[in-house]
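Colleague: Take a look at this one; I'll ask things after.
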Amino acid sequence: MLTEPIPGVAADFSNDTWWIWLIKAVVIVIFLLTSVLIAIWFERKVVARMQVRPGPNVHGPFGLLQSLADAMKLLFKEDMTVKAADKVVYIVAPMIAVFCSLLTFAVIPLGPSVSMFGHETPLQLTDFPVAVLYILACAAVGVYGIVLGGWSSNSTYPLLGGVRSTAQVISYELAMGLSLVSVFILSGSMSTSTIVNEQTQVWWFLPLLPAFVIYVISMVGETNRLPFDLPEAEGELVGGYTTEYSSMKFAWFFLAEYINMLNVSAVATTLFLGGWRAPWPVSTINDGMFNEGWWPVLWFLVKLWGLMFFFVWVRGSVLRFRYDQFMKLGWKVLIPASLVWLVCVSVVQGLRVFPQFEDVQLRTILFGLAGVFVVGIVISMFVPEKKAAAAAAEGPQVLDAFRDGYPVPPLPGQVLPPSPRAGRVRATVPVGAPDEISEPQSDPDQEVHGG
Amino acid sequence: MNAMLPAVLEGGQASTAEAVLFWILAPVMVIASFGLLFVRKAVHAALSLILVMICLAFIYVAQGAVFLGVVQVVVYTGAIMMLFLFVLMLVGVGSADSLVETIRGQRWIAWLAGLGLAVVLVGVVGTALYDEPVGLESANADTNPIGIARVIFGEHVFAMEVVGALLVTAALGALVYTHRPRLTPKVGQRELADARVRSGQHLAPLPAPGVYARHNAMDVPALDPQGRPIESSVPRVLRVRGQEADAAEYAARIERVIAGHEADPPDALTTSPDEPADDAAQPQEAK
């Protein structure tokens with residue numbers, strides 16, 4: 001069964017037969033499931049390296065089979081159903097989460113056209129003119145899994161987790177959608193294969209750097225990862241929406257979370273990092289040999305796992321936000337910033353498209369605007385700290401530690417008064433011992449930083 | 001969908017695939033709509049509505065209105081119904097709908113509005129049945145989203161602007177109605193810390209009960225650097241019940257051990273009859 005090409009889409013699916021669809025779909029599902037197993041191992045191993053410990057290293061070479069062991073353990077645990085729960089919703093919720101997370105990769109281009117059993121076909125299950133909106137739709141429905149799981153457990157902490165995740169996703173999806181709109185404007189399309197095609201000259205993350213930054217922040221918020229993992233914050237909500245789930249049902253939520261990480265990374269790769277295109281020096285070798293055939297799958301995977309590493313890195317280094325700080329960041333920083341950026345991009349694109357402005361250099365405007373925007377953001381970060389900066393500018397001050405009634409350590413820029421014990425320290429040093437030991441302690445002019 | 005789209009575009013006739021899809025989705029939608037009306041719990045009603053919306057999106061897509069179908073899910077299912085659910089969830093699992101009329105004449109207004117909707121629907125179905133089907137060929141000539149953009153931002157741009165202004169006004173109105181001037185100064189982390197210090201209460205965590213190295217039972221007060229017992233280190237419940245152990249006795253034991261003697265003097269059991277009873281009580285307390 002041959003089909004006609006889809007209008008408004010760069011990839012040509014006209015040679016696809018039903019069994020090619022089937023192969024692609026099955027391969028995508030297998031790819032996602034194995035990637036999750038690897039991602040869990042990868043995360044634990046990388047976080048372990050960051051914390052200077054070996055991480056999982058018992059099962060299999062380098063502990064590679066650890067996630068398989070974890071999965072089996074989860075499978076054989078007792079599958080509990082809470083008595084007071086809303087049964088149907090309680091069981092359906094994890095299914096919704098997993099099902100929706102599996103849908104996104106259908107429109108992600110893993111590579112250009114290749115020959116598959118004598119058929120020329122793009123390495124992508126399908127594509128249509130609004131493919132990126134479809135990804136947003138899948139993500140939006142996927143959240144119902146979390147929300148309903150939290151509500152149907154009929155328990156306080158899961159409910160709080162569900163409510164948090166609702167608010168979180170609604171706020172961060174706005175910023176995410178707005179940052180994606182600038183990609184649509186520049187590419188002139190919402191189809192993923194067309195967007196990748198448009199990035200032949202320059203990957204969009206360069207001209208659209210602010211949008212990329214906003215996307216990366218909101219993608220962490222969207223997937224409930226640290227520092228934004230408030231729906232399942234174990235220090236505050238036990239396990240959030242997963243508290244009342246065990247065994248396979250819990251495993252499904254876990255699976256959905258990791259697949260969603262892969263999804264948002266794949267979207268960032270496709271929309272901002274050139275999709276399957278080879279990075280610059282490699283792409284020029286031998287007339288773009290590495291941008292054809294099966295090679296692009298490698299570049300796609302490298303970028304995907306680079307972003308996954310970023311996820312783990314952030315988790316390893318940043319603390320969890322407080323909820324009000326998190327909401328403030330979303331509504332008062334990210335959304336206004338992405339709106340302003342969107343207006344800038346529209347103006348630039350207007351200048352580019354309409355023939356009256358033909359002689360204006362596009363790159364100049366783009367980079368100029370991006371520079372202004374970044375400078376603005378940096379300045380806005382310093383605004384609330386003006387008072388502290390002014391105080392520090394007056395030079396080192398002698399700290400009156402008990403001024404407000406209780407002892408405080410010195411802030412940067414403040415020095416402690418000379419210690420009354422300084423003389424005694426020198427006196428106790430035995431004769432013949434090196435004098436440097438006592439020197440720093442006895443120097444009254446030395447600046448002592450708190451912390 | 002690949003197979004379906006071009007077939008639908010020709011002459012407005014439904015293809016077999018579209019018919020199959022319709023006959024699968026239609027019963028689901030009808031059942032879900034009835035569920036919306038008759039279900040007892042508010043959250044279940046919201047779920048039925050979500051199901052109807054998603055099925056509707058499928059049908060939109062199958063009929064060639066790809067943009068409408070996807071945006072329906074993103075905006076209505078993903079954002080608006082999520083907000084509804086947000087409110088409904090706070091009602092809790094166990095609660096069912098109350099049937100008490102809260103607004104006067106609510107039912108009559110509902111009947112009138114329903115009648116109006118029915119008239120509109122009959123009109124729509126009538127146009128669909130009796131006019132010659134045109135198909136989407138010309139509308140989707142350069143892809144569906146571009147066609148829609150042309151209609152919205154070309155022909156109906158004024159109406160769109162008006163709707164936008166209306167929505168912004170409504171949002172601002174909601175803000176104004178829910179806004180309250182702050183009567184008391186905002187209490188932040190800094191202010192709370194200051195207040196705690198000013199109140200003069202113990203700032204750090206209370207010292208743990210038990211005497212280092214020999215006893216860590218809950219009822220034995222900790223000793224301060226001078227060797228005096230710290231009252232507040234024993235849990236308040238034990239103090240209220242009078243189950244606090246005698247700190248002086250334990251301090252004396254430590255003194256004896258440091259001095260190189262046995263912890264308990266040979267006649268300890270006979271001289272202090274309280275203590276064995278105290279020791280016997282301890283395991284029960286621990287449980």
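Scheme for the structure tokens: letters A, B, ... for chains in order shown; per-chain residue numbers from 1; ligand numbers from 1 in order shown.
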Show me a table, sorted first by chain and then by increasing residue number, of the residues of region 192-230 of chain A having an atom at most 12 Å from region 283-296 of chain A, each with its shortest atom pair and the distance in Å to one decimal, counting only C-alpha atoms and written as a Markdown table.

Modeller:
```
| residue | atom | partner | partner_atom | distance |
| --- | --- | --- | --- | --- |
| A:Val196 | CA | A:Pro296 | CA | 11.8 |
| A:Asn197 | CA | A:Asn291 | CA | 11.5 |
| A:Thr200 | CA | A:Ser283 | CA | 10.0 |
| A:Gln201 | CA | A:Ser283 | CA | 10.8 |
| A:Val202 | CA | A:Ser283 | CA | 11.9 |
```

Colleague: Quick check for you: according to DSSP on this backbone, which residues of region 131-262 of chain A are classed as alpha helix (DSSP H)? Reply as a PyMOL selection string.

Modeller: chain A and resi 131-152+156-187+192-198+209-222+234-237+247-262

Colleague: Find the residue from A:Tyr90, A:Phe76, A:Phe309, A:Trp299 that sits nearest to Trp280 (chain A); use only C-alpha atoms when measuring.

Modeller: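 Residue with the minimum atom-to-atom distance to Trp280 (chain A): A:Trp299.
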
Colleague: Would you mind listing, as JSON, numbers by chain, all residues of chain A that have at least one atom within 7 Å of chain B, where only C-alpha atoms are what counts?

Modeller: {"A": [3, 7, 8, 129, 130, 133, 134, 136, 137, 140, 141, 151, 152, 154, 163, 166, 170]}

Colleague: Using CA of Thr104 (chain A) and CA of Leu32 (chain A) as the two end points, give the distance in Å to one decimal.

Modeller: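 It comes out at 10.6 Å.
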
Colleague: CA of Val98 (chain A) and CA of Gly145 (chain A), how far apart in Å?

Modeller: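 For CA of Gly145 (chain A) relative to CA of Val98 (chain A), the distance reads 8.2 Å.
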
Colleague: Interatomic distance between CA of Val375 (chain A) and CA of Leu206 (chain A)?

Modeller: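 If I compute the distance from CA of Val375 (chain A) to CA of Leu206 (chain A), I get 15.7 Å.
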
Colleague: Might you pull out every residue within 12 Å of Ala233 (chain A), with only C-alpha atoms counted and same-chain residues fewer than 3 positions away left off, and present them as a PyMOL selection string?

Modeller: chain A and resi 157-158+160-162+164-165+224-230+236-243+319-323

Colleague: For N, CA and C atoms, I'd like the residues from the last selection saved as a JSON list (two decimals), in the first residue's frame.

Modeller:
```
[["chain", "number", "residue", "atom", "x", "y", "z"],
["A", 157, "TYR", "N", -0.57, 13.10, 50.84],
["A", 157, "TYR", "CA", 0.67, 13.45, 50.13],
["A", 157, "TYR", "C", 0.54, 13.27, 48.62],
["A", 158, "PRO", "N", -0.02, 12.12, 48.16],
["A", 158, "PRO", "CA", -0.20, 12.01, 46.71],
["A", 158, "PRO", "C", -1.06, 13.14, 46.15],
["A", 160, "LEU", "N", -1.36, 16.18, 47.25],
["A", 160, "LEU", "CA", -0.53, 17.39, 47.17],
["A", 160, "LEU", "C", 0.42, 17.30, 45.99],
["A", 161, "GLY", "N", 1.00, 16.10, 45.79],
["A", 161, "GLY", "CA", 1.89, 15.91, 44.65],
["A", 161, "GLY", "C", 1.16, 16.14, 43.35],
["A", 162, "GLY", "N", -0.06, 15.61, 43.24],
["A", 162, "GLY", "CA", -0.85, 15.78, 42.02],
["A", 162, "GLY", "C", -1.16, 17.24, 41.76],
["A", 164, "ARG", "N", 0.43, 19.86, 42.88],
["A", 164, "ARG", "CA", 1.66, 20.55, 42.52],
["A", 164, "ARG", "C", 2.00, 20.33, 41.07],
["A", 165, "SER", "N", 1.88, 19.06, 40.63],
["A", 165, "SER", "CA", 2.29, 18.77, 39.26],
["A", 165, "SER", "C", 1.36, 19.47, 38.28],
["A", 224, "ASN", "N", 9.52, 16.96, 35.81],
["A", 224, "ASN", "CA", 9.57, 16.76, 37.27],
["A", 224, "ASN", "C", 10.92, 16.26, 37.74],
["A", 225, "ARG", "N", 11.98, 16.80, 37.18],
["A", 225, "ARG", "CA", 13.31, 16.37, 37.62],
["A", 225, "ARG", "C", 13.87, 17.42, 38.57],
["A", 226, "LEU", "N", 14.83, 17.01, 39.38],
["A", 226, "LEU", "CA", 15.53, 17.97, 40.21],
["A", 226, "LEU", "C", 16.14, 19.05, 39.31],
["A", 227, "PRO", "N", 16.15, 20.33, 39.70],
["A", 227, "PRO", "CA", 15.69, 20.90, 40.96],
["A", 227, "PRO", "C", 14.19, 21.19, 41.02],
["A", 228, "PHE", "N", 13.42, 20.69, 40.05],
["A", 228, "PHE", "CA", 11.99, 21.01, 40.01],
["A", 228, "PHE", "C", 11.14, 19.77, 40.33],
["A", 229, "ASP", "N", 11.64, 18.82, 41.11],
["A", 229, "ASP", "CA", 10.87, 17.59, 41.31],
["A", 229, "ASP", "C", 9.89, 17.73, 42.47],
["A", 230, "LEU", "N", 9.19, 18.86, 42.51],
["A", 230, "LEU", "CA", 8.29, 19.12, 43.64],
["A", 230, "LEU", "C", 7.12, 18.16, 43.74],
["A", 236, "GLU", "N", 9.60, 16.20, 51.37],
["A", 236, "GLU", "CA", 8.41, 16.93, 51.81],
["A", 236, "GLU", "C", 7.15, 16.09, 51.70],
["A", 237, "LEU", "N", 7.05, 15.27, 50.63],
["A", 237, "LEU", "CA", 5.79, 14.59, 50.34],
["A", 237, "LEU", "C", 5.93, 13.08, 50.33],
["A", 238, "VAL", "N", 6.88, 12.52, 51.06],
["A", 238, "VAL", "CA", 7.14, 11.07, 51.03],
["A", 238, "VAL", "C", 7.56, 10.66, 49.62],
["A", 239, "GLY", "N", 6.59, 10.36, 48.75],
["A", 239, "GLY", "CA", 6.93, 10.05, 47.36],
["A", 239, "GLY", "C", 6.04, 10.82, 46.41],
["A", 240, "GLY", "N", 5.31, 11.81, 46.91],
["A", 240, "GLY", "CA", 4.40, 12.55, 46.05],
["A", 240, "GLY", "C", 3.32, 11.63, 45.49],
["A", 241, "TYR", "N", 3.05, 11.77, 44.21],
["A", 241, "TYR", "CA", 1.94, 11.02, 43.62],
["A", 241, "TYR", "C", 2.21, 9.53, 43.58],
["A", 242, "THR", "N", 3.46, 9.09, 43.75],
["A", 242, "THR", "CA", 3.73, 7.65, 43.70],
["A", 242, "THR", "C", 3.66, 6.98, 45.07],
["A", 243, "THR", "N", 3.30, 7.74, 46.10],
["A", 243, "THR", "CA", 3.38, 7.19, 47.45],
["A", 243, "THR", "C", 2.59, 5.90, 47.61],
["A", 319, "LEU", "N", 20.13, 22.24, 44.18],
["A", 319, "LEU", "CA", 19.19, 21.85, 45.23],
["A", 319, "LEU", "C", 17.76, 22.06, 44.77],
["A", 320, "ARG", "N", 16.82, 21.41, 45.44],
["A", 320, "ARG", "CA", 15.41, 21.54, 45.08],
["A", 320, "ARG", "C", 14.91, 22.95, 45.40],
["A", 321, "PHE", "N", 14.12, 23.49, 44.49],
["A", 321, "PHE", "CA", 13.54, 24.81, 44.71],
["A", 321, "PHE", "C", 12.46, 24.76, 45.77],
["A", 322, "ARG", "N", 12.25, 25.91, 46.42],
["A", 322, "ARG", "CA", 11.06, 26.02, 47.25],
["A", 322, "ARG", "C", 9.90, 26.29, 46.31],
["A", 323, "TYR", "N", 8.68, 25.91, 46.68],
["A", 323, "TYR", "CA", 7.59, 25.95, 45.71],
["A", 323, "TYR", "C", 7.31, 27.36, 45.23]]
```

Colleague: As a ChimeraX atom specification, please: the residues near Ile230 (chain B) (cut-off 9 Å, only C-alpha atoms, same-chain neighbours under 2 positions excluded).

Modeller: /B:207,209,221-224,228,232-234,247

Colleague: Store the residues picked out above, limited to C-alpha atoms, as a PDB file, in the first residue's frame.

Modeller:
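This is the output file result_4.pdb:
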```
ATOM      1  CA  PRO B 207      19.661  18.576  73.455  1.00  0.00           C
ATOM      2  CA  PRO B 209      18.290  12.912  76.321  1.00  0.00           C
ATOM      3  CA  PRO B 221      18.414  13.942  81.172  1.00  0.00           C
ATOM      4  CA  ALA B 222      21.515  15.104  79.319  1.00  0.00           C
ATOM      5  CA  LEU B 223      24.236  16.834  81.328  1.00  0.00           C
ATOM      6  CA  ASP B 224      25.536  20.283  80.498  1.00  0.00           C
ATOM      7  CA  ARG B 228      24.072  19.672  85.747  1.00  0.00           C
ATOM      8  CA  SER B 232      14.409  20.190  78.510  1.00  0.00           C
ATOM      9  CA  SER B 233      16.353  17.253  77.054  1.00  0.00           C
ATOM     10  CA  VAL B 234      13.817  14.742  78.376  1.00  0.00           C
ATOM     11  CA  ALA B 247      20.081  12.609  86.798  1.00  0.00           C
TER      12      ALA B 247
END
```

Colleague: When DSSP works through the backbone of this structure, what residues of region 25-254 of chain B end up as strand (DSSP E), shown as a list in words?

Modeller: Ala222, Leu223, Pro229 and Ile230 of chain B

Colleague: Residues as selected, C-alpha atoms, written as an mmCIF file, in the first residue's frame, can you do that?

Modeller:
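File produced: part23.cif:
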```
data_model
loop_
_atom_site.group_PDB
_atom_site.id
_atom_site.type_symbol
_atom_site.label_atom_id
_atom_site.label_comp_id
_atom_site.auth_asym_id
_atom_site.auth_seq_id
_atom_site.Cartn_x
_atom_site.Cartn_y
_atom_site.Cartn_z
ATOM 1 C CA ALA B 222 21.515 15.104 79.319
ATOM 2 C CA LEU B 223 24.236 16.834 81.328
ATOM 3 C CA PRO B 229 21.064 17.875 84.256
ATOM 4 C CA ILE B 230 19.262 19.670 81.383
#
```

Colleague: Compare A:Leu74, A:Ile6, A:Val333, A:Val302 by their minimum atom-to-atom distance to Gly64 (chain B), counting only C-alpha atoms, and give me the closest one.

Modeller: A:Ile6
